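*Asks:* If you scroll down you'll find the structure; I have some questions about it.
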Amino acid sequence: QVQLVESGGGLVQAGGSLRLSCAPSGRTFSSSIMGWFRQAPGQDREFVAAIRRNGGGTYYAASVKGRFTISRDNANDLVYLQMNSLKPEDTAIYYCAGDSSSRPASPVSAARYAYWGQGTQVTVSS
């Protein structure tokens with residue numbers, strides 16, 4: 001069973017930056033796509049960003065485009081989320097997600113991903 005482990009969350013002031021990392025544990029897997037989602041208190045989980053293995057195509061939610069950058073290290077199945085110009089509304093638990101199949105679902109949908117991390121808290125103070 002693949003498990004994903006996030007790190008890099010924390011407390012930051014508005015306008016600051018954080019870099020989240022995600023790594024697989026348990027067993028290695030060659031992910032076809034990796035993504036980040038977030039969930040704020042009282043809200044549904046929402047898509048943040050995703051990146052394909054082949055070609056490195058990326059996808060971003062409109063709310064983070066231009067501020068967040070997703071990247072990956074294919075050799076080690078690592079994925080990163082660089083978050084700049086953070087806003088209080090970015091406060092949430094951030095979840096890493098991944099999949100090794102080619103299931104027919106959109107990269108922005110949680111249904112695309114078989115594996116999930118436990119989440120890391122990001123808090124942005126005003």
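Naming scheme: A, B, ... for chains in displayed order of the structure tokens; residues 1 onward per chain; ligands 1 onward as shown.
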Give me, as JSON, numbers by chain, the residues of stretch 5-113 of chain A that a backbone DSSP run labels strand (DSSP E or B).

*Replies:* {"A": [5, 6, 7, 10, 11, 12, 13, 18, 19, 20, 21, 22, 23, 24, 25, 33, 34, 35, 36, 37, 38, 39, 46, 47, 48, 49, 50, 51, 52, 58, 59, 60, 65, 68, 69, 70, 71, 72, 73, 78, 79, 80, 81, 82, 83, 92, 93, 94, 95, 96, 97, 98, 99]}

*Asks:* Which residues come within 8 Å of A:Met34, counting only C-alpha atoms, excluding same-chain residues fewer than 6 positions away, as a PyMOL selection string?

*Replies:* chain A and resi 50-53+79+96-99+113

*Asks:* Take the residues from that selection and write them out as a CSV table (one decimal), in the first residue's frame, keeping N, CA, C and O atoms.

*Replies:*
```csv
chain,number,residue,atom,x,y,z
A,50,ALA,N,-2.0,20.3,-9.8
A,50,ALA,CA,-1.6,19.0,-10.2
A,50,ALA,C,-0.5,19.0,-11.3
A,50,ALA,O,-0.4,20.0,-12.0
A,51,ILE,N,0.2,17.9,-11.4
A,51,ILE,CA,1.3,17.8,-12.4
A,51,ILE,C,1.4,16.4,-12.9
A,51,ILE,O,1.4,15.4,-12.2
A,52,ARG,N,1.4,16.3,-14.2
A,52,ARG,CA,1.6,15.0,-14.9
A,52,ARG,C,3.1,14.5,-14.9
A,52,ARG,O,4.0,15.4,-14.9
A,53,ARG,N,3.3,13.2,-14.9
A,53,ARG,CA,4.6,12.7,-15.0
A,53,ARG,C,5.2,13.0,-16.4
A,53,ARG,O,6.3,13.5,-16.5
A,79,VAL,N,7.0,15.4,-4.9
A,79,VAL,CA,6.2,16.5,-5.5
A,79,VAL,C,6.3,17.7,-4.5
A,79,VAL,O,6.3,17.5,-3.3
A,96,CYS,N,-1.6,15.9,-0.1
A,96,CYS,CA,-1.0,15.4,-1.3
A,96,CYS,C,-1.7,14.2,-1.8
A,96,CYS,O,-2.3,13.4,-1.0
A,97,ALA,N,-1.8,14.1,-3.1
A,97,ALA,CA,-2.5,13.0,-3.7
A,97,ALA,C,-1.7,12.5,-4.9
A,97,ALA,O,-1.0,13.2,-5.6
A,98,GLY,N,-1.9,11.2,-5.2
A,98,GLY,CA,-1.2,10.6,-6.4
A,98,GLY,C,-1.9,9.4,-6.9
A,98,GLY,O,-2.7,8.8,-6.3
A,99,ASP,N,-1.5,9.1,-8.1
A,99,ASP,CA,-2.1,7.9,-8.8
A,99,ASP,C,-1.1,7.4,-9.8
A,99,ASP,O,-0.3,8.2,-10.4
A,113,TYR,N,-7.4,10.3,-8.1
A,113,TYR,CA,-6.3,9.9,-7.2
A,113,TYR,C,-6.6,8.8,-6.3
A,113,TYR,O,-7.7,8.8,-5.6
```

*Asks:* Return the single residue from A:Tyr59, A:Gln3, A:Ala40, A:Gly15 that is closest to A:Val108, with distances computed using only C-alpha atoms.

*Replies:*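 Under the stated criterion, the closest residue is A:Tyr59.
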
*Asks:* Find the residues around A:Ser30 up to 10 Å (only C-alpha atoms counted), leave out those fewer than 3 positions away in its own chain, and share them as a list in words.

*Replies:*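 Listing them by chain and then by number gives Ile33, Arg53, Asn74, Ala75, Asn76, Asp77, Gly98, Asp99, Ser100 and Ser101 of chain A.
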
*Asks:* Residues near stretch 82-87 of chain A, anyone? I mean within 9 Å using only C-alpha atoms, not counting same-chain ones fewer than 3 positions away, as an mmCIF file with all heavy atoms, in the first residue's frame.

*Replies:*
```cif
data_model
loop_
_atom_site.group_PDB
_atom_site.id
_atom_site.type_symbol
_atom_site.label_atom_id
_atom_site.label_comp_id
_atom_site.auth_asym_id
_atom_site.auth_seq_id
_atom_site.Cartn_x
_atom_site.Cartn_y
_atom_site.Cartn_z
ATOM 1 N N VAL A 12 2.575 31.269 8.871
ATOM 2 C CA VAL A 12 3.298 32.310 8.145
ATOM 3 C C VAL A 12 2.414 33.555 8.068
ATOM 4 O O VAL A 12 1.188 33.449 8.095
ATOM 5 C CB VAL A 12 3.692 31.815 6.737
ATOM 6 C CG1 VAL A 12 2.464 31.536 5.889
ATOM 7 C CG2 VAL A 12 4.630 32.788 6.039
ATOM 8 N N GLN A 13 3.042 34.702 7.991
ATOM 9 C CA GLN A 13 2.280 35.945 7.853
ATOM 10 C C GLN A 13 1.835 36.133 6.402
ATOM 11 O O GLN A 13 2.473 35.614 5.465
ATOM 12 C CB GLN A 13 3.124 37.139 8.293
ATOM 13 C CG GLN A 13 3.352 37.214 9.801
ATOM 14 C CD GLN A 13 4.032 38.508 10.205
ATOM 15 O OE1 GLN A 13 4.797 39.088 9.439
ATOM 16 N NE2 GLN A 13 3.754 38.963 11.415
ATOM 17 N N ALA A 14 0.771 36.884 6.239
ATOM 18 C CA ALA A 14 0.291 37.190 4.893
ATOM 19 C C ALA A 14 1.417 37.824 4.073
ATOM 20 O O ALA A 14 2.170 38.655 4.575
ATOM 21 C CB ALA A 14 -0.901 38.134 4.962
ATOM 22 N N GLY A 15 1.526 37.374 2.824
ATOM 23 C CA GLY A 15 2.600 37.836 1.954
ATOM 24 C C GLY A 15 3.829 36.948 1.978
ATOM 25 O O GLY A 15 4.717 37.097 1.138
ATOM 26 N N GLY A 16 3.871 36.037 2.924
ATOM 27 C CA GLY A 16 5.014 35.153 3.057
ATOM 28 C C GLY A 16 4.936 33.948 2.141
ATOM 29 O O GLY A 16 4.023 33.823 1.309
ATOM 30 N N SER A 17 5.897 33.046 2.318
ATOM 31 C CA SER A 17 6.004 31.862 1.462
ATOM 32 C C SER A 17 6.204 30.605 2.297
ATOM 33 O O SER A 17 6.752 30.651 3.396
ATOM 34 C CB SER A 17 7.197 32.001 0.504
ATOM 35 O OG SER A 17 7.041 33.103 -0.354
ATOM 36 N N LEU A 18 5.756 29.504 1.734
ATOM 37 C CA LEU A 18 6.009 28.180 2.291
ATOM 38 C C LEU A 18 6.218 27.219 1.127
ATOM 39 O O LEU A 18 5.679 27.424 0.033
ATOM 40 C CB LEU A 18 4.825 27.686 3.130
ATOM 41 C CG LEU A 18 4.652 28.227 4.553
ATOM 42 C CD1 LEU A 18 3.347 27.711 5.142
ATOM 43 C CD2 LEU A 18 5.830 27.857 5.427
ATOM 44 N N ARG A 19 6.975 26.155 1.393
ATOM 45 C CA ARG A 19 7.160 25.111 0.392
ATOM 46 C C ARG A 19 6.741 23.786 0.992
ATOM 47 O O ARG A 19 7.337 23.334 1.972
ATOM 48 C CB ARG A 19 8.612 25.042 -0.064
ATOM 49 C CG ARG A 19 8.837 24.103 -1.244
ATOM 50 C CD ARG A 19 10.303 23.838 -1.436
ATOM 51 N NE ARG A 19 10.610 23.264 -2.739
ATOM 52 C CZ ARG A 19 11.655 22.475 -2.970
ATOM 53 N NH1 ARG A 19 12.493 22.182 -1.997
ATOM 54 N NH2 ARG A 19 11.862 22.001 -4.192
ATOM 55 N N LEU A 20 5.736 23.182 0.412
ATOM 56 C CA LEU A 20 5.283 21.868 0.850
ATOM 57 C C LEU A 20 5.974 20.783 0.029
ATOM 58 O O LEU A 20 6.240 20.965 -1.153
ATOM 59 C CB LEU A 20 3.772 21.740 0.692
ATOM 60 C CG LEU A 20 2.906 22.793 1.388
ATOM 61 C CD1 LEU A 20 1.432 22.462 1.199
ATOM 62 C CD2 LEU A 20 3.256 22.920 2.851
ATOM 63 N N SER A 21 6.233 19.666 0.689
ATOM 64 C CA SER A 21 6.824 18.512 0.020
ATOM 65 C C SER A 21 5.959 17.293 0.275
ATOM 66 O O SER A 21 5.259 17.204 1.288
ATOM 67 C CB SER A 21 8.233 18.248 0.549
ATOM 68 O OG SER A 21 9.078 19.350 0.341
ATOM 69 N N VAL A 64 -5.128 30.231 -7.012
ATOM 70 C CA VAL A 64 -3.706 30.152 -6.661
ATOM 71 C C VAL A 64 -2.793 30.396 -7.859
ATOM 72 O O VAL A 64 -1.570 30.528 -7.686
ATOM 73 C CB VAL A 64 -3.352 28.796 -6.019
ATOM 74 C CG1 VAL A 64 -4.271 28.507 -4.841
ATOM 75 C CG2 VAL A 64 -3.384 27.661 -7.032
ATOM 76 N N GLY A 66 -0.448 31.803 -10.466
ATOM 77 C CA GLY A 66 0.428 32.964 -10.398
ATOM 78 C C GLY A 66 1.103 33.139 -9.046
ATOM 79 O O GLY A 66 2.066 33.886 -8.917
ATOM 80 N N ARG A 67 0.594 32.444 -8.038
ATOM 81 C CA ARG A 67 1.198 32.510 -6.691
ATOM 82 C C ARG A 67 1.820 31.185 -6.273
ATOM 83 O O ARG A 67 2.829 31.164 -5.579
ATOM 84 C CB ARG A 67 0.137 32.904 -5.657
ATOM 85 C CG ARG A 67 -0.510 34.241 -5.914
ATOM 86 C CD ARG A 67 -1.415 34.659 -4.753
ATOM 87 N NE ARG A 67 -2.520 33.721 -4.548
ATOM 88 C CZ ARG A 67 -2.744 33.063 -3.407
ATOM 89 N NH1 ARG A 67 -1.952 33.225 -2.379
ATOM 90 N NH2 ARG A 67 -3.781 32.253 -3.301
ATOM 91 N N PHE A 68 1.220 30.083 -6.696
ATOM 92 C CA PHE A 68 1.704 28.749 -6.324
ATOM 93 C C PHE A 68 2.338 28.085 -7.546
ATOM 94 O O PHE A 68 1.892 28.283 -8.680
ATOM 95 C CB PHE A 68 0.562 27.862 -5.850
ATOM 96 C CG PHE A 68 -0.045 28.245 -4.530
ATOM 97 C CD1 PHE A 68 0.243 29.447 -3.903
ATOM 98 C CD2 PHE A 68 -0.949 27.383 -3.898
ATOM 99 C CE1 PHE A 68 -0.328 29.790 -2.690
ATOM 100 C CE2 PHE A 68 -1.528 27.705 -2.687
ATOM 101 C CZ PHE A 68 -1.219 28.919 -2.084
ATOM 102 N N THR A 69 3.361 27.263 -7.282
ATOM 103 C CA THR A 69 4.010 26.504 -8.354
ATOM 104 C C THR A 69 4.178 25.064 -7.904
ATOM 105 O O THR A 69 4.770 24.806 -6.845
ATOM 106 C CB THR A 69 5.382 27.088 -8.706
ATOM 107 O OG1 THR A 69 5.232 28.455 -9.107
ATOM 108 C CG2 THR A 69 6.024 26.302 -9.851
ATOM 109 N N ILE A 70 3.691 24.131 -8.716
ATOM 110 C CA ILE A 70 3.865 22.713 -8.436
ATOM 111 C C ILE A 70 5.016 22.190 -9.281
ATOM 112 O O ILE A 70 5.189 22.584 -10.440
ATOM 113 C CB ILE A 70 2.563 21.919 -8.704
ATOM 114 C CG1 ILE A 70 2.694 20.482 -8.199
ATOM 115 C CG2 ILE A 70 2.173 21.963 -10.175
ATOM 116 C CD1 ILE A 70 1.372 19.710 -8.202
ATOM 117 N N SER A 71 5.821 21.308 -8.688
ATOM 118 C CA SER A 71 6.927 20.703 -9.412
ATOM 119 C C SER A 71 7.131 19.288 -8.886
ATOM 120 O O SER A 71 6.583 18.917 -7.842
ATOM 121 C CB SER A 71 8.208 21.533 -9.259
ATOM 122 O OG SER A 71 8.582 21.623 -7.902
ATOM 123 N N ASP A 90 -5.798 31.272 2.271
ATOM 124 C CA ASP A 90 -5.072 30.046 1.917
ATOM 125 C C ASP A 90 -4.958 29.099 3.113
ATOM 126 O O ASP A 90 -4.473 27.975 2.973
ATOM 127 C CB ASP A 90 -3.666 30.368 1.404
ATOM 128 C CG ASP A 90 -3.676 31.119 0.092
ATOM 129 O OD1 ASP A 90 -4.471 30.754 -0.804
ATOM 130 O OD2 ASP A 90 -2.871 32.066 -0.052
ATOM 131 N N THR A 91 -5.383 29.563 4.279
ATOM 132 C CA THR A 91 -5.326 28.730 5.478
ATOM 133 C C THR A 91 -6.180 27.482 5.298
ATOM 134 O O THR A 91 -7.368 27.567 4.976
ATOM 135 C CB THR A 91 -5.809 29.521 6.699
ATOM 136 O OG1 THR A 91 -4.902 30.593 6.951
ATOM 137 C CG2 THR A 91 -5.890 28.627 7.928
ATOM 138 N N VAL A 124 -2.132 31.058 7.626
ATOM 139 C CA VAL A 124 -1.636 32.358 7.190
ATOM 140 C C VAL A 124 -2.317 33.422 8.037
ATOM 141 O O VAL A 124 -3.542 33.559 8.013
ATOM 142 C CB VAL A 124 -1.911 32.595 5.701
ATOM 143 C CG1 VAL A 124 -1.289 33.916 5.253
ATOM 144 C CG2 VAL A 124 -1.382 31.441 4.859
ATOM 145 N N SER A 125 -1.524 34.162 8.778
ATOM 146 C CA SER A 125 -2.070 35.199 9.649
ATOM 147 C C SER A 125 -2.101 36.542 8.924
ATOM 148 O O SER A 125 -1.239 36.829 8.091
ATOM 149 C CB SER A 125 -1.241 35.305 10.918
ATOM 150 O OG SER A 125 0.081 35.704 10.613
ATOM 151 N N SER A 126 -3.090 37.349 9.274
ATOM 152 C CA SER A 126 -3.219 38.657 8.614
ATOM 153 C C SER A 126 -2.435 39.732 9.339
ATOM 154 O O SER A 126 -1.932 39.526 10.419
ATOM 155 C CB SER A 126 -4.696 39.037 8.544
ATOM 156 O OG SER A 126 -5.242 39.065 9.849
#
```
